[in-house]
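The next block holds one structure in the form of structure tokens; read it before the comments.
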Amino acid sequence: MSTQPAPAPLLIACALGIEHLALRTGDHGGAGGPVTFLRTGMGPRAAERSVTRCLAEDTHTEAAVLATGFCAGLAPGMHPGDLVVAEETRDPRGTVACVGTELLVKELARLLPGRTVHTGPLTGSDHVVRGPERSQLLATGAIAVDMESAATLLTAVRTGERPVAAVRVVVDAPEHELVRIGTVRGGISAFRVLRSVLPAFFEWHRSLLLPRR
């Protein structure tokens with residue numbers, strides 16, 4: 001009697017406690033395998049350390065990795081609560097192509113009708129981006145910026161062959177800059193959207209055929 005191999009796990013990484021809270025209190029039904037929510041801490045170095053440590057564990061060596069949380073939109077016309085599905089993540093150390101972007105866009109549009117979903121490059125930064133720096137990053141072709149996604153995905157693919165993706169919720173944008181997340185209407189909107197996206201992540205995970213060693 002043959003036995004089916006255990007499904008590869010899904011590692012969902014975010015940086016902030018408020019992001020982790022949104023994910024933990026979201027809809028966990030429909031997961032196609034083991035799911036781990038990893039709070040990495042803020043910044044690329046913290047993300048690299050946390051993801052490296054997690055993927056070194058036997059239970060996560062073949063995990064698919066999805067980076068999520070909040071981001072800053074770079075393009076005029078973006079609003080808090082908009083979604084960003086990265087086609088690639090980039091920072092000075094390298095660029096990582098994301099897998100299953102079209103499926104994620106389709107599932108997010110189904111889950112959250114009326115919410116705008118943007119696709120394009122997601123760039124990394126080691127600090128909070130504000131003011132004129134947004135225009136400089138937009139000129140590189142990036143549509144959004146955050147501090148952890150690029151480091152998370154680069155670390156993930158350097159530790160082994162695996163599918164990776166990044167989905168972020170815009171918490172501020174050129175015309176809607178926030179000072180404190182959670183105390184402003186835009187931050188609350190982004191929190192609610194982040195709570196709602198898990199079924200799309202699980203569908204992405206189920207669609208993957210991970211190589212088995």
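Labeling convention for the structure tokens: chains A, B, ... as they appear, residues from 1 per chain, ligands from 1 in order of appearance.
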
Exercise. Once DSSP has gone over the backbone, tell me which residues of chain A are in strand (DSSP E or B), as a PyMOL selection string.
Key: chain A and resi 10-14+35-39+64-73+83-91+94-97+117-124+144-146+164-172

Practice problem: Run DSSP on the backbone and grab whatever in chain A lands in alpha helix (DSSP H); send it over as an MDAnalysis selection string. | Solution: chainID A and resid 17:24 44:55 101:111 132:138 149:158 185:196 198:206

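Compared by their closest atoms to Phe201 in chain A, and using only C-alpha atoms, the residues A:Val171, A:Ile18, A:Ala13, A:Leu137 rank with A:Ala13 nearest.
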
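Of the residues under consideration (A:Val167, A:Ala75, A:Val145, A:Val51), A:Val145 shows the shortest atom-to-atom contact distance to Ser125 in chain A when counting only C-alpha atoms.
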
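Minimum atom-to-atom distances from A:Asp82, A:Asp27, A:Glu19, A:Asp172 to Thr68 in chain A were compared using only C-alpha atoms, and the lowest value belongs to A:Glu19.
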
Quiz item: For Ala173 in chain A, which of A:Pro113, A:Gly131, A:Pro92, A:Gly17 is the closest residue, counting only C-alpha atoms?
Solution: A:Gly131
